[in-house]
Amino acid sequence: MTTAPLGLTKAPAPGLANPVHDAQCIFKAAMNALARPGTLQTLHVTNLTAPHPLPRTMAALALALLDYDTPVYLDTPLAKSRDVVDYLRFHTGAPVVDMQADAAFALISTPEKMPPLSGFNVGTDEYPDRSTTLIMAAETLTNEAGPLLSGPGIKTTTQLNAAPLAPGFWHQMSANQTLYPLGVDVLFASVDQIAGLPRSTTISLKEA
Amino acid sequence: MYVAVKGGEKAIRNAHKLMERDRRGDRTVPELELKQIAEQLYLSVSRVMSEGSLYDLELAALAIKQARGDLIEAIFLLRAYRTTLPRFGYSEPIDTAAMLVRRRISATYKDLPGGQLLGPTYDYTHRLLDFKLAADGELPEPEKGAYDPDADIPRVTDLLNAEGMMEPDPETPQDAEIGDLTREPLAFPADRDVRLQNLARGDEGFLLALGYSTQRGFGGSHPFAGEIRHGEVEVEFFVEELGFAVPLGTMTVTECQMINQFKGSTVAPPQFTRGYGLAPGQSERKVMSMALVDRALRCRELGEEATAPAQDEEFVLSHSDNVQATGFVEHLKLPHYVDFQAELELVRRMNKDWHSKEANTAQAEEAAQ
Amino acid sequence: MSADTQTSLSPELETRRAAMALLANAPEETLKAAWDALDTPPAHTVIRQPETGLVMVRGRAGGTGAPFNLCEATVTRCVVALDTGETGFGQSLGRSKAKALYSAIFDALLQTKDWSEYVETHVLQPLNTATQAAEHQTREEVAATKVDFFTMVRGD
């Protein structure tokens with residue numbers, strides 16, 4: 001856990017301009033994304049400046065969802081950036097952890113290089129909610145192609161195409177579904193949209 | 001199993017309106033302001049802050065007003081409100097030795113450094129109704145006395161400690177995890193940190209009765225009020241970005257150090273042992289009761305046999321929280337129609353069986369005669 | 001994360017800490033009046049908007065023993081940056097967002113050459129005088145209730 005004083009050599013970029021209202025809007029989008037898996041929810045956060053290499057939409061989700069009680073795992077490019085770590089620590093107070101299994105949230109800026117999903121926390125039988133929620137950057141996020149999704153919150157089936165992704169990602173996500181009620185949940189974040197992929201969603205790898 | 005009901009929205013809405021009207025009472029009487037509650041009903045506010053486990057005078061006053069003076073309901077409101085706020089972190093432990101003392105008494109030493117400071121208290125008055133208060137009485141100006149600005153007010157327990165007659169405060173490792181009931185549910189056996197947090201949030205009446213029971217011999221511990229002090233302490237919060245603990249302002253607390261005779265056990269020599277009480281605001285009865293119960297619950301650690309209710313950790317800690325207690329007791333008011341129908345069927349059947357058995361036995365007896 | 005790391009603060013930080021104590025205990029109206037009195041309010045950016053949250057207040061068993069969690073307290077905090085680069089932190093018990101903002105600005109100004117003397121004279125010194133006076137009054141009133149009990153000899 002990073003607990004050393006930040007020492008703030010320079011002021012971090014400002015957080016949400018209107019913390020309560022903005023965070024509620026972002027939370028609502030995240031909630032809808034997970035309640036209706038695969039649907040694209042638009043985030044209006046163009047006025048937020050996030051430090052490189054943290055994408056703005058991911059920063060918005062982080063500011064809305066992270067707090068003092070939610071240990072966060074950062075993938076290598078994010079963890080290496082002092083600006084990103086300072087920004088997140090300053091605005092959310094969330095402890096940054098090295099172990100994926102300790103994380104309540106994980107911010108993945110380069111999904112093509114991410115560690116296997118199985119390393120993250122899937123919760124316990126007593127508290128399945130104490131699992132990791134992954135927030136993953138997506139350059140492409142559409143319903144045009146990708147695996148077929150079905151399950152709670154999806155009327156028939158839908159498709160979700162997120163890219164780039166690690167080669168085995170969809171297989172890992174499919175294995176994650178079999179752990180239900182345990183398992184991780186995923187939020188994809190493109191430049192202005194987000195989509196949810198909760199543990200309850202069944203993934204059919206045969207493309208439609 | 002509880003089966004929910006639907007409907008009744010209109011009746012509920014109307015009941016709320018009626019309640020709001022009744023809360024306001026006679027409109028020719030001026031409405032209560034929060035400041036009035038916070039200033040003039042400070043001991044109620046203290047209790048709500050202590051058991052609501054949230055230090056904020058204005059919110060406690062609002063809760064009391066909204067609950068029409070029902071303090072347990074007000075405590076419930078405060079507990080519910082706190083869940084809407086983010087947690088910034090934990091303060092540095094407050095230093096009660098550095099308190100700006102408003103009251104400080106000891107029942108064990110007559111003359112002690114810093115003196116006996118009665119402060120504002122009812123303790124030495126006759127409990128007679130003061131009708132002057134009913135008719136805008138005149139307000140006396142408090143007297144002023146001289147004080148030594150450099151004099152310390154040391155803890156009585158430290159004085160006894162210097163003589164070796166007081167058990168030392170048990171040492172704990174610097175980075176030991178400190179239990180937090182707002183984060184982790186209660187589990188047994190519970191360590192003293194969790195027990196103290198539970199008692200600090202606990203119902204004053206429940207703790208008072210338990211403390212009283214120890215005095216009457218149920219787990220007797222020969223208590224003396226070593227010291228009670230009340231006043232303001234500074235709260236400090238470590239700000240990571242700054243690298244030092246910053247002052248957040250002062251809060252008012254009441255503290256009780258109970259001193260108990262201890263005849264020794266296989267693990268400790270005969271000496272005095274401690275029970276501790278601490279609560280926000282001014283609440284002497286609460287901290288004294290808390291200290292008595294804290295001492296009783298230390299039986300395991302001191303090698304005493306647990307025989308009395310106040311020494312039964314699971315019993316005490318599981319039933320001290322009045323929000324939980326009131327929730328479970330008062331939920332009985334909610335519709336249980338389905339459960340009751342099921343139970344009614346069952347009892348009818350058993351009742352019928354019993355009667356038919358009775359009749360059979362009577363017939364058999366008649367036949368035998 | 002503990003105060004152990006701050007056994008000896010530099011004189012500058014000690015001054016800053018003392019100022020924060022005065023600002024934290026100050027009434028919101030006093031700080032607002034001090035802010036309104038500035039002829040040319042310094043340009044600043046709010047980095048962390050004033051927000052209200054909870055700090056879990058800790059006590060110690062027996063006053064000196066192991067820490068435990070006593071109760072939460074509402075706290076409001078804010079961070080600003082002056083256009084000249086200094087960051088200021090404001091935080092205090094309670095839910096006053098204005099107070100957190102003014103405190104943060106005064107904390108930032110205290111670190112500048114141009115403003116530190118002004119803040120010291122016009123904001124902190126009056127607060128210090130008021131705090132001292134209130135404390136003196138409390139101690140005088142309490143001193144008047146100091147008692148000497150006589151122990152009566154029992155028996156015989």
# chains A, B, ... in the order shown; residues from 1 in each chain; ligands from 1
>>> interface_residues(of="chain B", to="chain A", cutoff="6 Å", atoms="only C-alpha atoms", output="list in words")
Glu240, Glu241, Leu242 and Gly243 of chain B
>>> write_last_selection(atoms="all heavy atoms", output="PDB file, in the first residue's frame")
ATOM      1  N   GLU B 240      -1.964  13.370   4.310  1.00  0.00           N
ATOM      2  CA  GLU B 240      -0.879  12.719   3.597  1.00  0.00           C
ATOM      3  C   GLU B 240      -0.102  13.690   2.709  1.00  0.00           C
ATOM      4  O   GLU B 240       1.126  13.663   2.663  1.00  0.00           O
ATOM      5  CB  GLU B 240      -1.497  11.622   2.738  1.00  0.00           C
ATOM      6  CG  GLU B 240      -0.546  10.560   2.338  1.00  0.00           C
ATOM      7  CD  GLU B 240      -1.274   9.490   1.565  1.00  0.00           C
ATOM      8  OE1 GLU B 240      -2.433   9.198   1.892  1.00  0.00           O
ATOM      9  OE2 GLU B 240      -0.685   8.991   0.621  1.00  0.00           O
ATOM     10  N   GLU B 241      -0.838  14.548   2.012  1.00  0.00           N
ATOM     11  CA  GLU B 241      -0.184  15.454   1.074  1.00  0.00           C
ATOM     12  C   GLU B 241       0.733  16.429   1.790  1.00  0.00           C
ATOM     13  O   GLU B 241       1.677  16.945   1.206  1.00  0.00           O
ATOM     14  CB  GLU B 241      -1.229  16.255   0.279  1.00  0.00           C
ATOM     15  CG  GLU B 241      -2.131  15.418  -0.605  1.00  0.00           C
ATOM     16  CD  GLU B 241      -3.380  14.950   0.119  1.00  0.00           C
ATOM     17  OE1 GLU B 241      -3.391  14.932   1.373  1.00  0.00           O
ATOM     18  OE2 GLU B 241      -4.356  14.587  -0.549  1.00  0.00           O
ATOM     19  N   LEU B 242       0.426  16.727   3.058  1.00  0.00           N
ATOM     20  CA  LEU B 242       1.232  17.684   3.804  1.00  0.00           C
ATOM     21  C   LEU B 242       2.321  16.990   4.609  1.00  0.00           C
ATOM     22  O   LEU B 242       3.340  17.579   4.933  1.00  0.00           O
ATOM     23  CB  LEU B 242       0.335  18.504   4.746  1.00  0.00           C
ATOM     24  CG  LEU B 242      -0.641  19.451   4.064  1.00  0.00           C
ATOM     25  CD1 LEU B 242      -1.624  20.017   5.086  1.00  0.00           C
ATOM     26  CD2 LEU B 242       0.117  20.580   3.383  1.00  0.00           C
ATOM     27  N   GLY B 243       2.067  15.731   4.956  1.00  0.00           N
ATOM     28  CA  GLY B 243       3.060  14.992   5.735  1.00  0.00           C
ATOM     29  C   GLY B 243       3.034  15.300   7.217  1.00  0.00           C
ATOM     30  O   GLY B 243       3.932  14.923   7.942  1.00  0.00           O
TER      31      GLY B 243
END
>>> residues_around(residues="range 56-62 of chain B", least_positions_apart="6", cutoff="12 Å", atoms="only C-alpha atoms", output="ChimeraX atom specification")
/B:32-50,68-82,250-252,280-282 /C:52-55,71-76,92-96
>>> select_by_dssp(residues="range 57-130 of chain C", states="helix (DSSP H, G or I)", output="PyMOL selection string")
chain C and resi 61-63+97-110+113-130
>>> closest_residue(among="B:Asp321, B:Glu358, B:Glu236, B:Glu301", to="Ala24 in chain C", atoms="only C-alpha atoms")
B:Glu236
>>> interface_residues(of="chain B", to="chain C", cutoff="6 Å", atoms="only C-alpha atoms", output="PyMOL selection string")
chain B and resi 53-55+85-91+93-94+102+116-119+143-147+169+193+197+244-245+247-249+276
>>> write_last_selection(atoms="N, CA, C and O atoms", output="compact mmCIF listing (two decimals), in the first residue's frame")
# COMPACT_ATOMS: atom_id res chain seq x y z
N SER B 53 -23.04 8.07 17.19
CA SER B 53 -21.64 7.93 16.82
C SER B 53 -21.23 8.94 15.74
O SER B 53 -20.52 8.60 14.81
N LEU B 54 -21.73 10.16 15.90
CA LEU B 54 -21.38 11.21 14.94
C LEU B 54 -21.32 12.54 15.69
O LEU B 54 -22.31 12.97 16.28
N TYR B 55 -20.15 13.17 15.65
CA TYR B 55 -19.98 14.44 16.34
C TYR B 55 -20.35 15.58 15.40
O TYR B 55 -19.61 15.90 14.48
N LEU B 85 -22.06 10.06 3.74
CA LEU B 85 -20.83 10.86 3.64
C LEU B 85 -19.62 9.97 3.39
O LEU B 85 -19.54 8.87 3.93
N PRO B 86 -18.64 10.47 2.62
CA PRO B 86 -17.42 9.70 2.41
C PRO B 86 -16.54 9.73 3.66
O PRO B 86 -16.59 10.69 4.44
N ARG B 87 -15.75 8.71 3.83
CA ARG B 87 -14.80 8.65 4.93
C ARG B 87 -13.48 9.25 4.47
O ARG B 87 -12.95 8.87 3.44
N PHE B 88 -12.98 10.23 5.24
CA PHE B 88 -11.67 10.81 4.91
C PHE B 88 -10.53 10.04 5.56
O PHE B 88 -9.41 10.07 5.08
N GLY B 89 -10.81 9.42 6.68
CA GLY B 89 -9.76 8.68 7.37
C GLY B 89 -9.97 8.69 8.88
O GLY B 89 -11.08 8.93 9.35
N TYR B 90 -8.89 8.41 9.61
CA TYR B 90 -8.94 8.31 11.07
C TYR B 90 -8.13 9.44 11.69
O TYR B 90 -7.09 9.82 11.16
N SER B 91 -8.61 9.97 12.79
CA SER B 91 -7.87 11.04 13.47
C SER B 91 -6.71 10.43 14.24
O SER B 91 -6.65 9.22 14.47
N PRO B 93 -5.16 9.75 17.85
CA PRO B 93 -5.89 9.60 19.11
C PRO B 93 -5.91 10.92 19.88
O PRO B 93 -4.88 11.59 19.97
N ILE B 94 -7.07 11.31 20.39
CA ILE B 94 -7.16 12.56 21.12
C ILE B 94 -6.41 12.43 22.45
O ILE B 94 -6.33 11.34 23.01
N ARG B 102 -13.35 21.70 31.75
CA ARG B 102 -14.51 22.43 32.26
C ARG B 102 -14.99 21.83 33.58
O ARG B 102 -15.74 22.45 34.31
N GLN B 116 -9.81 19.77 42.49
CA GLN B 116 -11.15 19.28 42.15
C GLN B 116 -11.93 20.46 41.55
O GLN B 116 -12.17 21.45 42.25
N LEU B 117 -12.30 20.35 40.31
CA LEU B 117 -13.00 21.44 39.63
C LEU B 117 -14.42 20.99 39.33
O LEU B 117 -14.64 20.14 38.47
N LEU B 118 -15.36 21.52 40.09
CA LEU B 118 -16.73 21.01 39.96
C LEU B 118 -17.35 21.35 38.61
O LEU B 118 -18.11 20.57 38.06
N GLY B 119 -17.02 22.55 38.10
CA GLY B 119 -17.60 22.92 36.81
C GLY B 119 -19.10 22.99 36.89
O GLY B 119 -19.68 23.07 37.97
N GLU B 143 -19.25 33.19 38.60
CA GLU B 143 -18.16 33.84 39.32
C GLU B 143 -16.85 33.57 38.59
O GLU B 143 -16.76 32.64 37.79
N LYS B 144 -15.84 34.36 38.92
CA LYS B 144 -14.53 34.11 38.34
C LYS B 144 -13.52 33.84 39.45
O LYS B 144 -13.63 34.40 40.54
N GLY B 145 -12.59 32.98 39.17
CA GLY B 145 -11.55 32.67 40.15
C GLY B 145 -10.19 32.73 39.49
O GLY B 145 -10.09 32.78 38.27
N ALA B 146 -9.15 32.72 40.33
CA ALA B 146 -7.79 32.77 39.78
C ALA B 146 -7.30 31.37 39.48
O ALA B 146 -7.71 30.40 40.12
N TYR B 147 -6.49 31.25 38.48
CA TYR B 147 -5.92 29.94 38.15
C TYR B 147 -4.46 30.12 37.76
O TYR B 147 -4.03 31.21 37.39
N ASP B 169 -1.29 0.48 31.40
CA ASP B 169 -2.14 0.26 30.23
C ASP B 169 -1.49 -0.80 29.38
O ASP B 169 -0.30 -0.72 29.11
N ASP B 193 -10.33 -2.86 21.92
CA ASP B 193 -10.60 -1.71 21.04
C ASP B 193 -12.01 -1.78 20.48
O ASP B 193 -12.75 -0.78 20.49
N GLN B 197 -15.32 0.64 21.39
CA GLN B 197 -16.10 1.32 20.35
C GLN B 197 -17.57 0.96 20.48
O GLN B 197 -18.46 1.80 20.40
N PHE B 244 2.00 16.00 7.69
CA PHE B 244 1.87 16.19 9.14
C PHE B 244 0.40 16.22 9.54
O PHE B 244 -0.49 16.34 8.70
N ALA B 245 0.20 16.06 10.86
CA ALA B 245 -1.17 16.04 11.38
C ALA B 245 -1.66 17.46 11.54
O ALA B 245 -1.03 18.26 12.23
N PRO B 247 -4.58 20.33 12.70
CA PRO B 247 -5.67 20.46 13.66
C PRO B 247 -6.99 20.68 12.92
O PRO B 247 -7.05 21.43 11.94
N LEU B 248 -8.03 20.00 13.38
CA LEU B 248 -9.36 20.14 12.77
C LEU B 248 -10.28 21.00 13.63
O LEU B 248 -11.44 21.19 13.30
N GLY B 249 -9.76 21.45 14.78
CA GLY B 249 -10.61 22.17 15.72
C GLY B 249 -10.81 21.34 16.97
O GLY B 249 -10.24 20.26 17.10
N TYR B 276 -12.57 2.04 31.54
CA TYR B 276 -12.47 3.33 30.87
C TYR B 276 -13.75 3.69 30.15
O TYR B 276 -14.38 2.84 29.51
>>> select_by_dssp(residues="range 35-200 of chain B", states="strand (DSSP E or B)", output="PDB file with N, CA, C and O atoms, in the first residue's frame")
ATOM      1  N   LEU B  54     -21.730  10.155  15.896  1.00  0.00           N
ATOM      2  CA  LEU B  54     -21.384  11.210  14.944  1.00  0.00           C
ATOM      3  C   LEU B  54     -21.322  12.543  15.689  1.00  0.00           C
ATOM      4  O   LEU B  54     -22.311  12.969  16.276  1.00  0.00           O
ATOM      5  N   TYR B  55     -20.147  13.172  15.655  1.00  0.00           N
ATOM      6  CA  TYR B  55     -19.980  14.444  16.338  1.00  0.00           C
ATOM      7  C   TYR B  55     -20.353  15.575  15.399  1.00  0.00           C
ATOM      8  O   TYR B  55     -19.611  15.899  14.477  1.00  0.00           O
ATOM      9  N   ARG B  87     -15.753   8.707   3.825  1.00  0.00           N
ATOM     10  CA  ARG B  87     -14.798   8.651   4.933  1.00  0.00           C
ATOM     11  C   ARG B  87     -13.483   9.253   4.473  1.00  0.00           C
ATOM     12  O   ARG B  87     -12.952   8.866   3.444  1.00  0.00           O
ATOM     13  N   PHE B  88     -12.978  10.231   5.240  1.00  0.00           N
ATOM     14  CA  PHE B  88     -11.671  10.812   4.911  1.00  0.00           C
ATOM     15  C   PHE B  88     -10.531  10.038   5.559  1.00  0.00           C
ATOM     16  O   PHE B  88      -9.410  10.066   5.081  1.00  0.00           O
ATOM     17  N   GLY B  89     -10.811   9.421   6.683  1.00  0.00           N
ATOM     18  CA  GLY B  89      -9.758   8.678   7.373  1.00  0.00           C
ATOM     19  C   GLY B  89      -9.966   8.687   8.875  1.00  0.00           C
ATOM     20  O   GLY B  89     -11.076   8.926   9.354  1.00  0.00           O
ATOM     21  N   TYR B  90      -8.890   8.413   9.610  1.00  0.00           N
ATOM     22  CA  TYR B  90      -8.935   8.312  11.068  1.00  0.00           C
ATOM     23  C   TYR B  90      -8.135   9.443  11.692  1.00  0.00           C
ATOM     24  O   TYR B  90      -7.093   9.825  11.164  1.00  0.00           O
ATOM     25  N   SER B  91      -8.609   9.967  12.793  1.00  0.00           N
ATOM     26  CA  SER B  91      -7.872  11.038  13.472  1.00  0.00           C
ATOM     27  C   SER B  91      -6.708  10.431  14.239  1.00  0.00           C
ATOM     28  O   SER B  91      -6.651   9.223  14.470  1.00  0.00           O
ATOM     29  N   GLU B  92      -5.799  11.281  14.669  1.00  0.00           N
ATOM     30  CA  GLU B  92      -4.818  10.867  15.662  1.00  0.00           C
ATOM     31  C   GLU B  92      -5.602  10.657  16.955  1.00  0.00           C
ATOM     32  O   GLU B  92      -6.626  11.323  17.159  1.00  0.00           O
ATOM     33  N   PRO B  93      -5.161   9.754  17.846  1.00  0.00           N
ATOM     34  CA  PRO B  93      -5.890   9.598  19.115  1.00  0.00           C
ATOM     35  C   PRO B  93      -5.908  10.923  19.884  1.00  0.00           C
ATOM     36  O   PRO B  93      -4.879  11.595  19.965  1.00  0.00           O
ATOM     37  N   LEU B 100      -8.817  21.237  27.657  1.00  0.00           N
ATOM     38  CA  LEU B 100      -9.223  22.477  28.323  1.00  0.00           C
ATOM     39  C   LEU B 100     -10.383  22.065  29.231  1.00  0.00           C
ATOM     40  O   LEU B 100     -11.505  21.854  28.778  1.00  0.00           O
ATOM     41  N   VAL B 101     -10.062  21.911  30.526  1.00  0.00           N
ATOM     42  CA  VAL B 101     -10.982  21.255  31.448  1.00  0.00           C
ATOM     43  C   VAL B 101     -12.121  22.182  31.869  1.00  0.00           C
ATOM     44  O   VAL B 101     -11.887  23.325  32.255  1.00  0.00           O
ATOM     45  N   ARG B 102     -13.349  21.698  31.753  1.00  0.00           N
ATOM     46  CA  ARG B 102     -14.507  22.426  32.262  1.00  0.00           C
ATOM     47  C   ARG B 102     -14.990  21.828  33.576  1.00  0.00           C
ATOM     48  O   ARG B 102     -15.736  22.451  34.315  1.00  0.00           O
ATOM     49  N   ARG B 103     -14.600  20.595  33.804  1.00  0.00           N
ATOM     50  CA  ARG B 103     -14.990  19.913  35.035  1.00  0.00           C
ATOM     51  C   ARG B 103     -14.032  18.757  35.224  1.00  0.00           C
ATOM     52  O   ARG B 103     -13.688  18.055  34.266  1.00  0.00           O
ATOM     53  N   ARG B 104     -13.592  18.575  36.475  1.00  0.00           N
ATOM     54  CA  ARG B 104     -12.680  17.480  36.740  1.00  0.00           C
ATOM     55  C   ARG B 104     -12.776  17.132  38.216  1.00  0.00           C
ATOM     56  O   ARG B 104     -12.489  17.948  39.074  1.00  0.00           O
ATOM     57  N   ILE B 105     -13.227  15.930  38.485  1.00  0.00           N
ATOM     58  CA  ILE B 105     -13.366  15.523  39.881  1.00  0.00           C
ATOM     59  C   ILE B 105     -12.770  14.147  40.075  1.00  0.00           C
ATOM     60  O   ILE B 105     -12.664  13.361  39.133  1.00  0.00           O
ATOM     61  N   GLN B 116      -9.811  19.774  42.487  1.00  0.00           N
ATOM     62  CA  GLN B 116     -11.154  19.283  42.147  1.00  0.00           C
ATOM     63  C   GLN B 116     -11.926  20.464  41.552  1.00  0.00           C
ATOM     64  O   GLN B 116     -12.165  21.452  42.247  1.00  0.00           O
ATOM     65  N   LEU B 117     -12.296  20.351  40.307  1.00  0.00           N
ATOM     66  CA  LEU B 117     -12.998  21.444  39.627  1.00  0.00           C
ATOM     67  C   LEU B 117     -14.421  20.993  39.333  1.00  0.00           C
ATOM     68  O   LEU B 117     -14.638  20.144  38.466  1.00  0.00           O
ATOM     69  N   MET B 166      -1.173   0.619  40.187  1.00  0.00           N
ATOM     70  CA  MET B 166      -2.143   0.584  39.088  1.00  0.00           C
ATOM     71  C   MET B 166      -1.551  -0.243  37.959  1.00  0.00           C
ATOM     72  O   MET B 166      -0.367  -0.104  37.645  1.00  0.00           O
TER      73      MET B 166
END
>>> closest_residue(among="C:Glu120, C:Asp114, C:Asp107, C:Glu86", to="chain A", atoms="only C-alpha atoms")
C:Glu86
>>> residues_around(residues="Asp152 in chain B", least_positions_apart="6", cutoff="10 Å", atoms="only C-alpha atoms", output="list of chain:residue names")
B:Ala97, B:Ala98, B:Met99, B:Pro113, B:Gly114, B:Gly115
>>> write_last_selection(atoms="C-alpha atoms", output="mmCIF file, in the first residue's frame")
data_model
loop_
_atom_site.group_PDB
_atom_site.id
_atom_site.type_symbol
_atom_site.label_atom_id
_atom_site.label_comp_id
_atom_site.auth_asym_id
_atom_site.auth_seq_id
_atom_site.Cartn_x
_atom_site.Cartn_y
_atom_site.Cartn_z
ATOM 1 C CA ALA B 97 -4.527 15.015 29.383
ATOM 2 C CA ALA B 98 -4.239 18.168 27.256
ATOM 3 C CA MET B 99 -7.936 18.976 27.690
ATOM 4 C CA PRO B 113 -2.566 18.255 41.469
ATOM 5 C CA GLY B 114 -4.827 20.507 39.437
ATOM 6 C CA GLY B 115 -7.535 20.357 42.097
#
>>> closest_atom_pairs(of="chain C", to="chain A", cutoff="9 Å", atoms="only C-alpha atoms", output="Markdown table")
| residue | atom | partner | partner_atom | distance |
| --- | --- | --- | --- | --- |
| C:Met1 | CA | A:Thr3 | CA | 6.4 |
| C:Thr45 | CA | A:Pro14 | CA | 8.2 |
| C:Val46 | CA | A:Pro14 | CA | 7.0 |
| C:Ile47 | CA | A:Pro14 | CA | 4.3 |
| C:Arg48 | CA | A:Gly15 | CA | 6.1 |
| C:Gln49 | CA | A:Pro19 | CA | 7.0 |
| C:Pro50 | CA | A:Pro19 | CA | 8.7 |
| C:Glu51 | CA | A:Pro19 | CA | 7.8 |
| C:Val80 | CA | A:Ala11 | CA | 8.6 |
| C:Ala81 | CA | A:Ala11 | CA | 6.9 |
| C:Gly85 | CA | A:Lys10 | CA | 7.8 |
| C:Glu86 | CA | A:Ala11 | CA | 8.3 |
| C:Thr87 | CA | A:Ala11 | CA | 6.6 |
>>> write_last_selection(atoms="N, CA and C atoms", output="PDB file, in the first residue's frame")
ATOM      1  N   MET C   1       1.110   5.979   8.303  1.00  0.00           N
ATOM      2  CA  MET C   1       0.319   7.199   8.445  1.00  0.00           C
ATOM      3  C   MET C   1       0.092   7.501   9.911  1.00  0.00           C
ATOM      4  N   THR C  45      -7.085  28.905  -7.944  1.00  0.00           N
ATOM      5  CA  THR C  45      -7.886  27.820  -8.510  1.00  0.00           C
ATOM      6  C   THR C  45      -8.230  26.865  -7.384  1.00  0.00           C
ATOM      7  N   VAL C  46      -9.471  26.401  -7.380  1.00  0.00           N
ATOM      8  CA  VAL C  46      -9.839  25.400  -6.381  1.00  0.00           C
ATOM      9  C   VAL C  46      -9.485  24.022  -6.946  1.00  0.00           C
ATOM     10  N   ILE C  47      -8.544  23.349  -6.299  1.00  0.00           N
ATOM     11  CA  ILE C  47      -8.119  22.036  -6.806  1.00  0.00           C
ATOM     12  C   ILE C  47      -9.002  20.929  -6.262  1.00  0.00           C
ATOM     13  N   ARG C  48      -9.333  21.055  -4.996  1.00  0.00           N
ATOM     14  CA  ARG C  48     -10.283  20.098  -4.416  1.00  0.00           C
ATOM     15  C   ARG C  48     -11.441  20.921  -3.882  1.00  0.00           C
ATOM     16  N   GLN C  49     -12.566  20.813  -4.585  1.00  0.00           N
ATOM     17  CA  GLN C  49     -13.739  21.572  -4.178  1.00  0.00           C
ATOM     18  C   GLN C  49     -14.073  21.258  -2.724  1.00  0.00           C
ATOM     19  N   PRO C  50     -14.602  22.243  -1.991  1.00  0.00           N
ATOM     20  CA  PRO C  50     -14.966  21.969  -0.595  1.00  0.00           C
ATOM     21  C   PRO C  50     -15.887  20.754  -0.526  1.00  0.00           C
ATOM     22  N   GLU C  51     -15.544  19.801   0.304  1.00  0.00           N
ATOM     23  CA  GLU C  51     -16.396  18.619   0.443  1.00  0.00           C
ATOM     24  C   GLU C  51     -16.489  18.232   1.906  1.00  0.00           C
ATOM     25  N   VAL C  80      -6.766  24.722  -2.416  1.00  0.00           N
ATOM     26  CA  VAL C  80      -6.685  25.702  -3.498  1.00  0.00           C
ATOM     27  C   VAL C  80      -5.228  25.862  -3.919  1.00  0.00           C
ATOM     28  N   ALA C  81      -5.032  26.384  -5.116  1.00  0.00           N
ATOM     29  CA  ALA C  81      -3.683  26.754  -5.560  1.00  0.00           C
ATOM     30  C   ALA C  81      -3.745  28.212  -6.005  1.00  0.00           C
ATOM     31  N   GLY C  85       1.437  29.678  -7.428  1.00  0.00           N
ATOM     32  CA  GLY C  85       1.940  28.323  -7.250  1.00  0.00           C
ATOM     33  C   GLY C  85       1.714  27.689  -5.889  1.00  0.00           C
ATOM     34  N   GLU C  86       1.512  28.502  -4.828  1.00  0.00           N
ATOM     35  CA  GLU C  86       1.367  27.917  -3.491  1.00  0.00           C
ATOM     36  C   GLU C  86       0.034  27.169  -3.371  1.00  0.00           C
ATOM     37  N   THR C  87       0.072  26.008  -2.708  1.00  0.00           N
ATOM     38  CA  THR C  87      -1.179  25.303  -2.433  1.00  0.00           C
ATOM     39  C   THR C  87      -1.579  25.552  -0.987  1.00  0.00           C
TER      40      THR C  87
END
>>> closest_residue(among="A:Leu182, A:Leu65, A:Val191, A:Leu134", to="Phe105 in chain A", atoms="only C-alpha atoms")
A:Leu134
>>> residues_around(residues="Pro77 in chain A", least_positions_apart="5", cutoff="10 Å", atoms="only C-alpha atoms", output="list in words")
His52, Pro53, Leu54, Val84, Ile108, Ser109 and Thr110 of chain A
>>> residues_around(residues="Gly88 in chain C", least_positions_apart="5", cutoff="8 Å", atoms="only C-alpha atoms", output="list in words")
Val79, Val80, Ala81, Leu82, Ser103, Ala104, Ile105, Phe106, Asp107, Ala108 and Leu109 of chain C
>>> write_last_selection(atoms="C-alpha atoms", output="compact mmCIF listing (two decimals), in the first residue's frame")
# COMPACT_ATOMS: atom_id res chain seq x y z
CA VAL C 79 -7.54 22.68 -1.37
CA VAL C 80 -6.69 25.70 -3.50
CA ALA C 81 -3.68 26.75 -5.56
CA LEU C 82 -2.70 30.39 -5.99
CA SER C 103 -9.12 28.62 5.40
CA ALA C 104 -7.44 27.07 2.36
CA ILE C 105 -6.91 30.47 0.76
CA PHE C 106 -5.47 31.99 3.95
CA ASP C 107 -3.22 28.94 4.35
CA ALA C 108 -1.93 29.47 0.82
CA LEU C 109 -1.47 33.22 1.33
>>> decode(residues="range 114-128 of chain A", atoms="C-alpha atoms", output="CSV table (one decimal), in the first residue's frame")
chain,number,residue,atom,x,y,z
A,114,MET,CA,-3.1,-6.7,-18.7
A,115,PRO,CA,-2.4,-9.5,-16.2
A,116,PRO,CA,-4.9,-12.5,-16.2
A,117,LEU,CA,-8.3,-11.8,-14.7
A,118,SER,CA,-7.9,-14.8,-12.4
A,119,GLY,CA,-5.4,-12.7,-10.4
A,120,PHE,CA,-8.1,-10.2,-9.2
A,121,ASN,CA,-10.3,-10.6,-6.2
A,122,VAL,CA,-13.5,-12.6,-6.9
A,123,GLY,CA,-15.0,-12.0,-3.4
A,124,THR,CA,-15.8,-14.6,-0.8
A,125,ASP,CA,-18.9,-16.8,-0.2
A,126,GLU,CA,-19.9,-14.5,2.7
A,127,TYR,CA,-19.2,-11.3,0.9
A,128,PRO,CA,-19.3,-11.8,-2.9
